[in-house]
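Structure below is start-v8.tsv: TSV, C-alpha atoms.
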chain	number	residue	atom	x	y	z
A	3	MET	CA	-127.84	97.88	204.84
A	4	VAL	CA	-126.17	94.87	206.47
A	5	ASN	CA	-122.62	93.69	205.81
A	6	ALA	CA	-122.77	90.14	204.45
A	7	THR	CA	-119.91	87.64	204.68
A	8	ASN	CA	-118.07	86.17	201.69
A	9	ALA	CA	-118.62	82.57	202.81
A	10	GLY	CA	-121.09	81.88	200.03
A	11	LEU	CA	-124.86	81.74	200.10
A	12	ILE	CA	-127.30	79.89	202.32
A	13	GLY	CA	-129.73	79.64	199.40
A	14	VAL	CA	-131.38	81.50	196.55
A	15	VAL	CA	-134.94	82.09	195.35
A	16	LEU	CA	-135.24	82.67	191.60
A	17	LEU	CA	-137.92	83.98	189.28
A	18	ALA	CA	-137.22	83.22	185.62
A	19	ARG	CA	-139.06	84.40	182.54
A	20	HIS	CA	-139.83	81.85	179.84
A	21	GLY	CA	-137.99	81.67	176.52
A	22	ASP	CA	-139.02	82.58	172.98
A	23	ARG	CA	-142.36	81.15	171.91
A	24	SER	CA	-144.17	80.48	168.67
A	25	GLY	CA	-147.25	82.34	167.57
A	26	VAL	CA	-148.81	85.52	168.90
A	27	VAL	CA	-150.41	85.34	172.34
A	28	PHE	CA	-153.36	87.72	172.29
A	29	GLN	CA	-154.06	89.53	175.57
A	30	ASN	CA	-157.45	91.18	175.77
A	31	TYR	CA	-156.60	94.72	176.83
A	32	THR	CA	-159.79	95.06	178.88
A	33	THR	CA	-159.14	91.89	180.95
A	34	TYR	CA	-155.59	90.67	180.21
A	35	ASN	CA	-156.92	87.14	179.95
A	36	SER	CA	-154.78	85.05	177.62
A	37	THR	CA	-153.42	81.58	176.93
A	38	GLN	CA	-149.80	80.59	176.56
A	39	GLY	CA	-147.93	79.84	173.36
A	40	TYR	CA	-145.42	77.06	172.74
A	41	LEU	CA	-141.69	77.06	173.39
A	42	THR	CA	-139.54	77.23	170.25
A	43	PRO	CA	-136.10	75.61	169.81
A	44	TYR	CA	-134.71	79.14	170.09
A	45	GLY	CA	-136.56	79.58	173.37
A	46	SER	CA	-135.26	76.23	174.63
A	47	SER	CA	-131.74	77.36	173.82
A	48	GLN	CA	-132.27	80.63	175.71
A	49	GLU	CA	-133.49	78.80	178.80
A	50	TYR	CA	-130.72	76.21	178.61
A	51	GLU	CA	-128.20	79.05	178.41
A	52	LEU	CA	-129.80	80.66	181.47
A	53	GLY	CA	-129.54	77.34	183.31
A	54	CYS	CA	-125.84	77.07	182.43
A	55	TYR	CA	-125.30	80.61	183.71
A	56	LEU	CA	-127.10	79.82	186.98
A	57	ARG	CA	-125.03	76.65	187.31
A	58	GLU	CA	-121.79	78.60	186.97
A	59	THR	CA	-123.07	81.25	189.41
A	60	TYR	CA	-124.54	79.09	192.17
A	61	LEU	CA	-123.17	75.55	191.75
A	62	ASN	CA	-119.50	76.37	191.10
A	63	PRO	CA	-117.51	76.18	194.38
A	64	ALA	CA	-115.14	78.82	192.99
A	65	SER	CA	-117.97	81.32	192.54
A	66	PRO	CA	-118.49	84.00	195.22
A	67	SER	CA	-122.22	83.19	194.95
A	68	TYR	CA	-121.79	79.45	195.48
A	69	ILE	CA	-124.62	77.93	197.54
A	70	GLN	CA	-123.05	76.18	200.49
A	71	GLY	CA	-123.68	72.44	200.58
A	72	ILE	CA	-125.59	72.15	197.32
A	73	GLU	CA	-124.92	69.13	195.13
A	74	THR	CA	-123.01	70.34	192.10
A	75	ASP	CA	-123.16	67.45	189.61
A	76	ILE	CA	-125.85	64.93	190.48
A	77	ALA	CA	-129.01	66.76	191.49
A	78	ASP	CA	-130.40	66.11	194.95
A	79	ILE	CA	-134.08	66.74	194.31
A	80	ASP	CA	-134.64	67.41	198.01
A	81	GLN	CA	-132.45	70.51	197.63
A	82	LEU	CA	-134.54	71.93	194.78
A	83	PHE	CA	-138.05	73.33	194.60
A	84	VAL	CA	-139.26	74.16	191.09
A	85	ARG	CA	-142.70	75.23	189.94
A	86	ALA	CA	-144.12	76.72	186.76
A	87	ASP	CA	-147.32	78.09	185.32
A	88	ALA	CA	-148.84	75.38	183.12
A	89	GLY	CA	-151.90	77.21	181.79
A	90	GLY	CA	-152.75	77.02	178.08
A	91	GLY	CA	-149.69	76.21	175.96
A	92	ASN	CA	-146.44	74.80	177.26
A	93	VAL	CA	-144.04	77.73	176.97
A	94	ILE	CA	-143.56	78.40	180.69
A	95	LEU	CA	-143.53	74.80	181.91
A	96	ASP	CA	-141.20	73.64	179.14
A	97	SER	CA	-138.96	76.65	179.79
A	98	ALA	CA	-138.46	75.35	183.33
A	99	TYR	CA	-137.40	71.94	181.99
A	100	ALA	CA	-135.00	73.53	179.50
A	101	LEU	CA	-133.46	75.70	182.23
A	102	LEU	CA	-132.97	72.66	184.45
A	103	GLN	CA	-131.10	70.88	181.64
A	104	GLY	CA	-128.50	73.65	181.84
A	105	LEU	CA	-128.52	73.80	185.64
A	106	TYR	CA	-127.96	70.04	186.01
A	107	PRO	CA	-126.80	68.67	182.65
A	108	PRO	CA	-126.58	64.95	181.85
A	109	THR	CA	-123.83	63.17	183.74
A	110	SER	CA	-122.29	59.72	183.67
A	111	GLY	CA	-122.78	59.70	187.42
A	112	SER	CA	-126.54	59.42	186.93
A	113	LYS	CA	-126.62	55.64	187.23
A	114	SER	CA	-127.48	52.86	189.63
A	115	THR	CA	-126.35	49.32	190.28
A	116	LEU	CA	-128.98	46.60	190.36
A	117	ALA	CA	-129.05	43.70	192.79
A	118	ASN	CA	-127.54	41.40	190.16
A	119	GLY	CA	-124.56	43.70	189.75
A	120	THR	CA	-125.69	45.33	186.49
A	121	THR	CA	-124.96	49.07	186.25
A	122	VAL	CA	-127.60	51.11	184.43
A	123	GLU	CA	-127.04	54.69	183.26
A	124	ALA	CA	-129.96	57.07	182.78
A	125	PRO	CA	-130.95	57.63	179.11
A	126	LEU	CA	-129.62	60.47	176.98
A	127	GLY	CA	-126.15	60.30	178.46
A	128	GLY	CA	-127.30	60.46	182.05
A	129	TYR	CA	-130.20	62.91	181.75
A	130	GLN	CA	-131.34	64.16	185.17
A	131	TYR	CA	-135.07	64.20	185.84
A	132	ILE	CA	-135.85	67.06	188.22
A	133	PRO	CA	-139.49	67.35	189.32
A	134	VAL	CA	-141.39	70.50	188.40
A	135	GLU	CA	-144.62	71.39	190.17
A	136	SER	CA	-146.95	72.59	187.42
A	137	LEU	CA	-149.81	74.86	188.32
A	138	GLU	CA	-152.81	75.00	186.01
A	139	PHE	CA	-154.89	78.14	185.70
A	140	TRP	CA	-157.90	76.52	187.35
A	141	GLN	CA	-155.97	75.09	190.32
A	142	ALA	CA	-154.95	78.33	192.04
A	143	PRO	CA	-154.50	81.99	191.10
A	144	SER	CA	-151.00	82.49	192.52
A	145	LEU	CA	-149.07	82.48	189.22
A	146	THR	CA	-151.73	84.23	187.09
A	147	SER	CA	-153.38	86.41	189.71
A	148	TRP	CA	-154.44	89.21	187.35
A	149	MET	CA	-156.69	86.94	185.30
A	150	GLU	CA	-160.42	86.98	186.17
A	151	CYS	CA	-159.65	89.58	188.86
A	152	GLU	CA	-162.49	92.13	188.72
A	153	TYR	CA	-160.62	94.83	190.62
A	154	PHE	CA	-157.69	94.43	188.24
A	155	GLN	CA	-160.09	94.88	185.33
A	156	ASP	CA	-161.32	98.07	187.00
A	157	HIS	CA	-157.67	99.16	187.20
A	158	LEU	CA	-157.33	98.50	183.46
A	159	ALA	CA	-160.49	100.45	182.70
A	160	ARG	CA	-159.20	103.48	184.63
A	161	LEU	CA	-155.91	103.38	182.74
A	162	ASN	CA	-157.56	102.84	179.36
A	163	SER	CA	-159.75	105.91	179.81
A	164	GLY	CA	-157.30	108.00	181.81
A	165	VAL	CA	-154.85	110.83	181.22
A	166	ILE	CA	-151.67	108.71	181.32
A	167	PHE	CA	-152.69	106.49	178.43
A	168	GLY	CA	-154.29	109.42	176.64
A	169	ASP	CA	-150.99	111.32	176.68
A	170	ALA	CA	-149.04	108.20	175.72
A	171	ALA	CA	-151.42	107.54	172.81
A	172	ALA	CA	-150.85	111.06	171.52
A	173	GLN	CA	-147.08	110.56	171.72
A	174	ALA	CA	-147.36	107.18	169.98
A	175	ALA	CA	-149.72	108.36	167.21
A	176	PRO	CA	-147.05	108.82	164.48
A	177	PHE	CA	-145.60	105.40	165.25
A	178	LEU	CA	-149.02	103.71	165.26
A	179	GLN	CA	-149.81	105.21	161.89
A	180	ALA	CA	-146.44	104.20	160.43
A	181	VAL	CA	-146.72	100.63	161.65
A	182	GLN	CA	-150.31	99.98	160.57
A	183	PRO	CA	-149.41	98.47	157.15
A	184	TYR	CA	-147.39	95.77	158.91
A	185	LEU	CA	-150.08	94.67	161.38
A	186	ASN	CA	-152.13	92.41	159.12
A	187	GLY	CA	-155.37	94.15	160.08
A	188	MET	CA	-154.68	94.24	163.83
A	189	ASN	CA	-156.18	97.06	165.89
A	190	ASN	CA	-153.50	99.77	166.03
A	191	SER	CA	-154.87	101.60	169.08
A	192	PHE	CA	-152.40	102.39	171.85
A	193	LEU	CA	-154.62	100.36	174.18
A	194	ASN	CA	-153.62	97.32	172.12
A	195	MET	CA	-149.91	98.15	172.46
A	196	TRP	CA	-148.83	94.85	174.01
A	197	ASN	CA	-150.40	92.83	171.20
A	198	ILE	CA	-148.90	95.15	168.58
A	199	TYR	CA	-145.41	94.75	170.00
A	200	ASP	CA	-145.79	91.02	170.47
A	201	TYR	CA	-146.98	90.49	166.90
A	202	LEU	CA	-144.13	92.56	165.46
A	203	ASN	CA	-141.54	90.88	167.63
A	204	VAL	CA	-142.69	87.36	166.74
A	205	GLN	CA	-142.76	88.17	163.03
A	206	TYR	CA	-139.37	89.88	163.13
A	207	THR	CA	-137.88	86.85	164.90
A	208	HIS	CA	-139.43	84.02	162.86
A	209	ASN	CA	-140.59	85.40	159.49
A	210	ALA	CA	-137.71	86.01	157.07
A	211	THR	CA	-139.85	88.02	154.64
A	212	PHE	CA	-141.04	90.27	157.43
A	213	TYR	CA	-137.51	90.59	158.82
A	214	ASN	CA	-136.16	91.79	155.49
A	215	SER	CA	-138.90	94.38	154.94
A	216	PHE	CA	-139.71	95.74	158.40
A	217	PRO	CA	-137.66	98.73	159.65
A	218	GLU	CA	-135.87	97.80	162.87
A	219	THR	CA	-136.44	101.31	164.19
A	220	LEU	CA	-140.18	100.61	164.25
A	221	LEU	CA	-139.58	97.51	166.37
A	222	GLN	CA	-137.54	99.60	168.79
A	223	GLN	CA	-140.38	102.12	169.02
A	224	ALA	CA	-142.87	99.30	169.54
A	225	ARG	CA	-140.83	98.04	172.49
A	226	TYR	CA	-140.55	101.56	173.90
A	227	PHE	CA	-144.30	102.15	173.87
A	228	ALA	CA	-145.08	98.61	175.05
A	229	ASN	CA	-142.79	99.22	178.02
A	230	ILE	CA	-144.74	102.35	178.93
A	231	HIS	CA	-148.01	100.46	178.53
A	232	GLU	CA	-147.07	97.42	180.62
A	233	GLN	CA	-145.21	99.41	183.28
A	234	ASN	CA	-148.40	101.30	184.07
A	235	ILE	CA	-150.61	98.22	183.98
A	236	PHE	CA	-148.57	96.10	186.38
A	237	THR	CA	-147.71	98.78	188.91
A	238	ASP	CA	-149.71	100.93	191.27
A	239	SER	CA	-149.35	104.11	193.28
A	240	VAL	CA	-149.59	102.19	196.57
A	241	GLN	CA	-147.74	99.04	197.61
A	242	ASN	CA	-150.84	96.92	198.10
A	243	GLY	CA	-152.63	98.24	195.01
A	244	VAL	CA	-154.23	95.76	192.63
A	245	GLY	CA	-151.92	96.87	189.83
A	246	GLN	CA	-149.11	95.00	191.61
A	247	ILE	CA	-151.09	91.80	192.02
A	248	ALA	CA	-148.73	89.82	189.76
A	249	ILE	CA	-146.09	89.78	192.53
A	250	ARG	CA	-148.39	90.01	195.53
A	251	THR	CA	-149.50	86.38	195.19
A	252	LEU	CA	-145.87	85.24	194.75
A	253	TRP	CA	-144.47	86.85	197.90
A	254	PRO	CA	-145.83	84.20	200.31
A	255	GLU	CA	-143.98	81.41	198.48
A	256	ILE	CA	-140.84	83.54	198.27
A	257	PHE	CA	-140.92	84.37	201.99
A	258	TRP	CA	-141.68	80.74	202.86
A	259	SER	CA	-138.70	79.52	200.82
A	260	LEU	CA	-136.30	82.10	202.27
A	261	GLY	CA	-137.53	81.45	205.80
A	262	ASN	CA	-137.16	77.70	205.46
A	263	MET	CA	-133.59	78.12	204.23
A	264	THR	CA	-132.69	79.55	207.64
A	265	LEU	CA	-133.86	76.40	209.48
A	266	PRO	CA	-131.25	73.79	210.47
A	267	ASN	CA	-133.33	70.85	209.20
A	268	ASN	CA	-134.15	72.50	205.85
A	269	LYS	CA	-132.89	70.78	202.70
A	270	VAL	CA	-134.08	73.16	199.96
A	271	LYS	CA	-131.27	75.43	198.80
A	272	LEU	CA	-132.57	76.65	195.43
A	273	ALA	CA	-136.20	77.55	194.71
A	274	LEU	CA	-137.20	78.44	191.15
A	275	THR	CA	-140.50	79.74	189.81
A	276	GLU	CA	-140.89	80.05	186.04
A	277	VAL	CA	-143.26	82.87	185.11
A	278	ASP	CA	-144.33	85.44	182.52
A	279	TYR	CA	-142.90	88.99	182.38
A	280	LYS	CA	-145.58	90.56	184.58
A	281	PRO	CA	-144.27	89.71	188.08
A	282	PHE	CA	-140.91	91.29	187.21
A	283	ILE	CA	-142.54	94.68	186.62
A	284	SER	CA	-144.53	94.53	189.85
A	285	LEU	CA	-141.59	93.26	191.92
A	286	PHE	CA	-139.26	96.04	190.80
A	287	ASN	CA	-141.90	98.67	191.51
A	288	VAL	CA	-143.04	97.41	194.90
A	289	THR	CA	-139.44	97.16	196.19
A	290	ASN	CA	-138.56	100.62	194.80
A	291	ALA	CA	-135.80	99.02	192.71
A	292	THR	CA	-136.79	101.19	189.74
A	293	VAL	CA	-136.14	104.35	191.77
A	294	THR	CA	-132.38	103.73	191.71
A	295	SER	CA	-132.34	101.61	188.52
A	296	PRO	CA	-134.99	103.14	186.21
A	297	GLU	CA	-133.59	101.25	183.20
A	298	ILE	CA	-135.15	98.00	184.47
A	299	SER	CA	-138.69	99.36	184.03
A	300	GLY	CA	-140.92	97.67	181.48
A	301	ILE	CA	-140.85	94.22	179.93
A	302	ALA	CA	-138.03	91.88	180.90
A	303	ASP	CA	-136.45	90.02	177.99
A	304	TYR	CA	-136.98	86.32	177.38
A	305	ALA	CA	-134.96	84.12	179.77
A	306	SER	CA	-134.50	86.90	182.31
A	307	ALA	CA	-134.02	86.06	185.96
A	308	VAL	CA	-134.44	87.71	189.34
A	309	ALA	CA	-132.49	86.33	192.29
A	310	LEU	CA	-133.13	86.88	195.98
A	311	GLU	CA	-129.88	85.66	197.49
A	312	LEU	CA	-129.79	84.63	201.15
A	313	SER	CA	-126.54	84.86	203.10
A	314	LYS	CA	-125.46	85.30	206.70
A	315	SER	CA	-123.81	88.46	208.01
A	316	SER	CA	-120.81	88.61	210.33
A	317	ALA	CA	-123.30	89.54	213.05
A	318	GLY	CA	-125.31	86.37	212.44
A	319	ASP	CA	-128.22	88.01	210.63
A	320	TYR	CA	-129.81	86.42	207.58
A	321	VAL	CA	-129.42	88.91	204.74
A	322	VAL	CA	-131.27	89.17	201.41
A	323	ALA	CA	-129.81	90.78	198.28
A	324	LEU	CA	-131.73	91.37	195.04
A	325	LYS	CA	-130.17	90.79	191.60
A	326	PHE	CA	-131.48	90.92	188.03
A	327	LYS	CA	-130.26	89.44	184.76
A	328	ASN	CA	-132.12	90.85	181.75
A	329	GLY	CA	-132.06	88.13	179.10
A	330	THR	CA	-129.29	85.98	177.72
A	331	ASN	CA	-126.92	88.84	176.87
A	332	ASP	CA	-126.77	90.20	180.40
A	333	GLU	CA	-125.06	89.36	183.70
A	334	PHE	CA	-126.56	89.49	187.17
A	335	LYS	CA	-126.53	93.05	188.46
A	336	PRO	CA	-127.33	94.06	192.05
A	337	LEU	CA	-130.47	96.10	192.67
A	338	LYS	CA	-131.38	98.16	195.69
A	339	MET	CA	-134.49	97.40	197.72
A	340	PHE	CA	-135.95	100.50	199.36
A	341	GLY	CA	-132.66	102.28	198.71
A	342	GLN	CA	-130.51	99.63	200.42
A	343	ASN	CA	-127.99	97.20	198.90
A	344	ASN	CA	-129.38	94.44	201.10
A	345	LEU	CA	-131.76	93.96	204.00
A	346	THR	CA	-132.15	91.39	206.74
A	347	LEU	CA	-134.81	88.81	206.03
A	348	PRO	CA	-137.11	90.20	208.78
A	349	GLN	CA	-136.73	93.68	207.26
A	350	VAL	CA	-137.74	92.39	203.82
A	351	ILE	CA	-140.78	90.60	205.18
A	352	LYS	CA	-141.82	93.59	207.31
A	353	ALA	CA	-141.52	95.95	204.33
A	354	LEU	CA	-143.61	93.75	202.03
A	355	ASP	CA	-145.88	91.71	204.29
A	356	SER	CA	-148.81	94.11	203.88
A	357	THR	CA	-148.73	93.53	200.12
A	358	THR	CA	-149.05	89.74	200.21
A	359	ILE	CA	-152.06	87.72	199.10
A	360	ASN	CA	-151.44	84.36	200.72
A	361	SER	CA	-154.45	82.20	199.91
A	362	THR	CA	-157.16	81.66	197.35
A	363	ILE	CA	-159.79	83.14	199.64
A	364	ASN	CA	-157.66	86.27	200.12
A	365	TRP	CA	-157.28	86.52	196.34
A	366	CYS	CA	-161.05	86.19	195.90
A	367	PHE	CA	-161.65	89.03	198.32
A	368	SER	CA	-158.81	91.18	196.90
A	369	CYS	CA	-160.29	90.77	193.41
A	370	ASN	CA	-164.00	90.99	194.24
A	371	GLN	CA	-164.36	87.55	192.67
A	372	THR	CA	-167.03	85.28	194.16
A	373	VAL	CA	-167.57	82.70	191.40
A	374	LEU	CA	-164.52	81.89	189.25
A	375	ARG	CA	-161.14	80.32	190.04
A	376	GLY	CA	-162.36	78.43	193.10
A	377	CYS	CA	-164.08	81.40	194.75
A	378	SER	CA	-167.56	79.89	194.59
A	379	VAL	CA	-166.76	77.44	197.43
A	380	PHE	CA	-166.45	80.28	199.92
A	381	ASN	CA	-169.44	81.77	201.70
A	382	PHE	CA	-168.74	85.48	201.42
A	383	SER	CA	-171.70	86.31	203.66
A	384	ASN	CA	-169.33	85.41	206.51
A	385	ASP	CA	-166.81	88.07	205.50
A	386	VAL	CA	-166.79	90.89	208.05
A	387	PHE	CA	-165.60	93.38	205.44
A	388	LEU	CA	-168.50	92.68	203.12
A	389	ASP	CA	-171.04	92.15	205.91
A	390	PRO	CA	-170.34	93.96	209.22
A	391	SER	CA	-172.76	91.65	211.05
A	392	ALA	CA	-170.85	88.55	209.97
A	393	THR	CA	-168.88	86.49	212.48
A	394	GLY	CA	-165.94	85.78	210.20
A	395	TYR	CA	-164.58	82.60	208.69
A	396	ALA	CA	-164.23	79.56	210.90
Mind turning this structure into structure tokens?
Amino acid sequence: MVNATNAGLIGVVLLARHGDRSGVVFQNYTTYNSTQGYLTPYGSSQEYELGCYLRETYLNPASPSYIQGIETDIADIDQLFVRADAGGGNVILDSAYALLQGLYPPTSGSKSTLANGTTVEAPLGGYQYIPVESLEFWQAPSLTSWMECEYFQDHLARLNSGVIFGDAAAQAAPFLQAVQPYLNGMNNSFLNMWNIYDYLNVQYTHNATFYNSFPETLLQQARYFANIHEQNIFTDSVQNGVGQIAIRTLWPEIFWSLGNMTLPNNKVKLALTEVDYKPFISLFNVTNATVTSPEISGIADYASAVALELSKSSAGDYVVALKFKNGTNDEFKPLKMFGQNNLTLPQVIKALDSTTINSTINWCFSCNQTVLRGCSVFNFSNDVFLDPSATGYA
């Protein structure tokens, strides 16, 4: 552990989960391929509230977590890097826009004076347009790295036929029988536990008839068993295991952002990636955060956020601290990484560098994928791991 100063932060890297969405998003439990749903007004409100919270935490000069030198009212887009998964529906991308509305709300200062002396204010009371880099499923695998990953599907197959899920299914059997009349014909196997929970949760949130007839205790049990299910799927027994792939393709961008924030000519002070719940599970497991905080295991609530805060110690070291806010009714709480309250940036990178997947070609190899998601452009006959006589990639 390193003693950090109280002079505020150098910068912060955030992962945020999307808000409430409409409709049920079916995930095939043999592949975990899926498409996104659509952000609801409720979900927009959740993300906006998260943005307001982040504004008060990082953009308020009176806050102990204030980011030094960041523009507090009128956004400087050079200080912000925002990206979001844009595959399928719009829930994740639109969640990023809703969050940014809370982070940098409309302001009368968002205006310009024309050459003829006319002053023009931005529409909607000075709405601030902050660019978001959207990443489609077909463009790169970094934000949806488990999809079309053959080794991940092998990981699923082992779990689906293994002892862990067999024991969990036996434990869940009374619940699965009790809940069957409410599933509208859905498969009530434990292997389908994510879809069962998601269906019940969506109905309980948006269907008044269902809300008035469905026992809340069954929803709580559904969440409990879904947490067990997803925790096993998106973790692994080794750091660089394919079960943790949801965070392994995000680490390079996280390390790049944190590293750039230490450079004197760097402008970016806040980097945000809007994602699904899966990277949260993998991140907490791979950093051993769940060892000291087991309550964070499982599915993060809508509009949750993870923060990797960068500061400078009294000794001049760049220090990273991990925090987690589980949904709109929670505050940021510190988490330990590898048993420590904080680590220097080189220590973080050293501890996790072996887990990273930092390019499409590395993802293709890590997933045994040679055709889909851009993998067909690579000549795998040159790969020395697949062909010992190969000379390697140029």
Taking 2 positions as the minimum chain separation for residues in the same chain, which residues sit within 7 Å of Glu138 (chain A) when counting all atoms listed in the file? Answer as a short mmCIF file (atom, residue, chain, number, x, y, z; two decimals) with C-alpha atoms, in the frame of the given file.
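The resulting result.cif:
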data_model
loop_
_atom_site.label_atom_id
_atom_site.label_comp_id
_atom_site.auth_asym_id
_atom_site.auth_seq_id
_atom_site.Cartn_x
_atom_site.Cartn_y
_atom_site.Cartn_z
CA ASP A 87 -147.32 78.09 185.32
CA ALA A 88 -148.84 75.38 183.12
CA GLY A 89 -151.90 77.21 181.79
CA SER A 136 -146.95 72.59 187.42
CA TRP A 140 -157.90 76.52 187.35
CA GLN A 141 -155.97 75.09 190.32
#
- Task: Just the residues within 7 Å of Gln233 (chain A), please, counting all atoms listed in the file, with nothing from its chain fewer than 6 positions along; format it as a list in words.
- Result: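 Residues near the query, excluding close chain neighbours: Ile283, Ser299 and Gly300 of chain A.
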TODO: Give me the residues within 9 Å of region 273-282 of chain A as a PyMOL selection string, counting only C-alpha atoms and dropping any in the same chain fewer than 4 places off.
DONE: chain A and resi 13-20+81-87+94-95+97-98+145-146+232-233+236+246-250+252+256+259-260+286-287+299-304+306-308
Writing out the chosen residues with C-alpha atoms as a PDB file, in the frame of the given file:
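Result file selection.pdb:
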ATOM      1  CA  GLY A  13    -129.730  79.640 199.400  1.00  0.00           C
ATOM      2  CA  VAL A  14    -131.380  81.500 196.550  1.00  0.00           C
ATOM      3  CA  VAL A  15    -134.940  82.090 195.350  1.00  0.00           C
ATOM      4  CA  LEU A  16    -135.240  82.670 191.600  1.00  0.00           C
ATOM      5  CA  LEU A  17    -137.920  83.980 189.280  1.00  0.00           C
ATOM      6  CA  ALA A  18    -137.220  83.220 185.620  1.00  0.00           C
ATOM      7  CA  ARG A  19    -139.060  84.400 182.540  1.00  0.00           C
ATOM      8  CA  HIS A  20    -139.830  81.850 179.840  1.00  0.00           C
ATOM      9  CA  GLN A  81    -132.450  70.510 197.630  1.00  0.00           C
ATOM     10  CA  LEU A  82    -134.540  71.930 194.780  1.00  0.00           C
ATOM     11  CA  PHE A  83    -138.050  73.330 194.600  1.00  0.00           C
ATOM     12  CA  VAL A  84    -139.260  74.160 191.090  1.00  0.00           C
ATOM     13  CA  ARG A  85    -142.700  75.230 189.940  1.00  0.00           C
ATOM     14  CA  ALA A  86    -144.120  76.720 186.760  1.00  0.00           C
ATOM     15  CA  ASP A  87    -147.320  78.090 185.320  1.00  0.00           C
ATOM     16  CA  ILE A  94    -143.560  78.400 180.690  1.00  0.00           C
ATOM     17  CA  LEU A  95    -143.530  74.800 181.910  1.00  0.00           C
ATOM     18  CA  SER A  97    -138.960  76.650 179.790  1.00  0.00           C
ATOM     19  CA  ALA A  98    -138.460  75.350 183.330  1.00  0.00           C
ATOM     20  CA  LEU A 145    -149.070  82.480 189.220  1.00  0.00           C
ATOM     21  CA  THR A 146    -151.730  84.230 187.090  1.00  0.00           C
ATOM     22  CA  GLU A 232    -147.070  97.420 180.620  1.00  0.00           C
ATOM     23  CA  GLN A 233    -145.210  99.410 183.280  1.00  0.00           C
ATOM     24  CA  PHE A 236    -148.570  96.100 186.380  1.00  0.00           C
ATOM     25  CA  GLN A 246    -149.110  95.000 191.610  1.00  0.00           C
ATOM     26  CA  ILE A 247    -151.090  91.800 192.020  1.00  0.00           C
ATOM     27  CA  ALA A 248    -148.730  89.820 189.760  1.00  0.00           C
ATOM     28  CA  ILE A 249    -146.090  89.780 192.530  1.00  0.00           C
ATOM     29  CA  ARG A 250    -148.390  90.010 195.530  1.00  0.00           C
ATOM     30  CA  LEU A 252    -145.870  85.240 194.750  1.00  0.00           C
ATOM     31  CA  ILE A 256    -140.840  83.540 198.270  1.00  0.00           C
ATOM     32  CA  SER A 259    -138.700  79.520 200.820  1.00  0.00           C
ATOM     33  CA  LEU A 260    -136.300  82.100 202.270  1.00  0.00           C
ATOM     34  CA  PHE A 286    -139.260  96.040 190.800  1.00  0.00           C
ATOM     35  CA  ASN A 287    -141.900  98.670 191.510  1.00  0.00           C
ATOM     36  CA  SER A 299    -138.690  99.360 184.030  1.00  0.00           C
ATOM     37  CA  GLY A 300    -140.920  97.670 181.480  1.00  0.00           C
ATOM     38  CA  ILE A 301    -140.850  94.220 179.930  1.00  0.00           C
ATOM     39  CA  ALA A 302    -138.030  91.880 180.900  1.00  0.00           C
ATOM     40  CA  ASP A 303    -136.450  90.020 177.990  1.00  0.00           C
ATOM     41  CA  TYR A 304    -136.980  86.320 177.380  1.00  0.00           C
ATOM     42  CA  SER A 306    -134.500  86.900 182.310  1.00  0.00           C
ATOM     43  CA  ALA A 307    -134.020  86.060 185.960  1.00  0.00           C
ATOM     44  CA  VAL A 308    -134.440  87.710 189.340  1.00  0.00           C
TER      45      VAL A 308
END
Option closest in space to Val244 (chain A), from A:Leu185, A:Ile359, A:Met263, A:Leu272 [counting all atoms listed in the file]: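 Looking only at the distances to Val244 (chain A), the closest residue turns out to be A:Ile359.
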- [ ] For each of A:Asn214, A:Thr109, A:Phe139, A:Glu255, take the minimum atom-to-atom distance to Pro125 (chain A), counting only C-alpha atoms, then give the residue where this is smallest.
- [x]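 Counting only C-alpha atoms, the residue closest to Pro125 (chain A) is A:Thr109.
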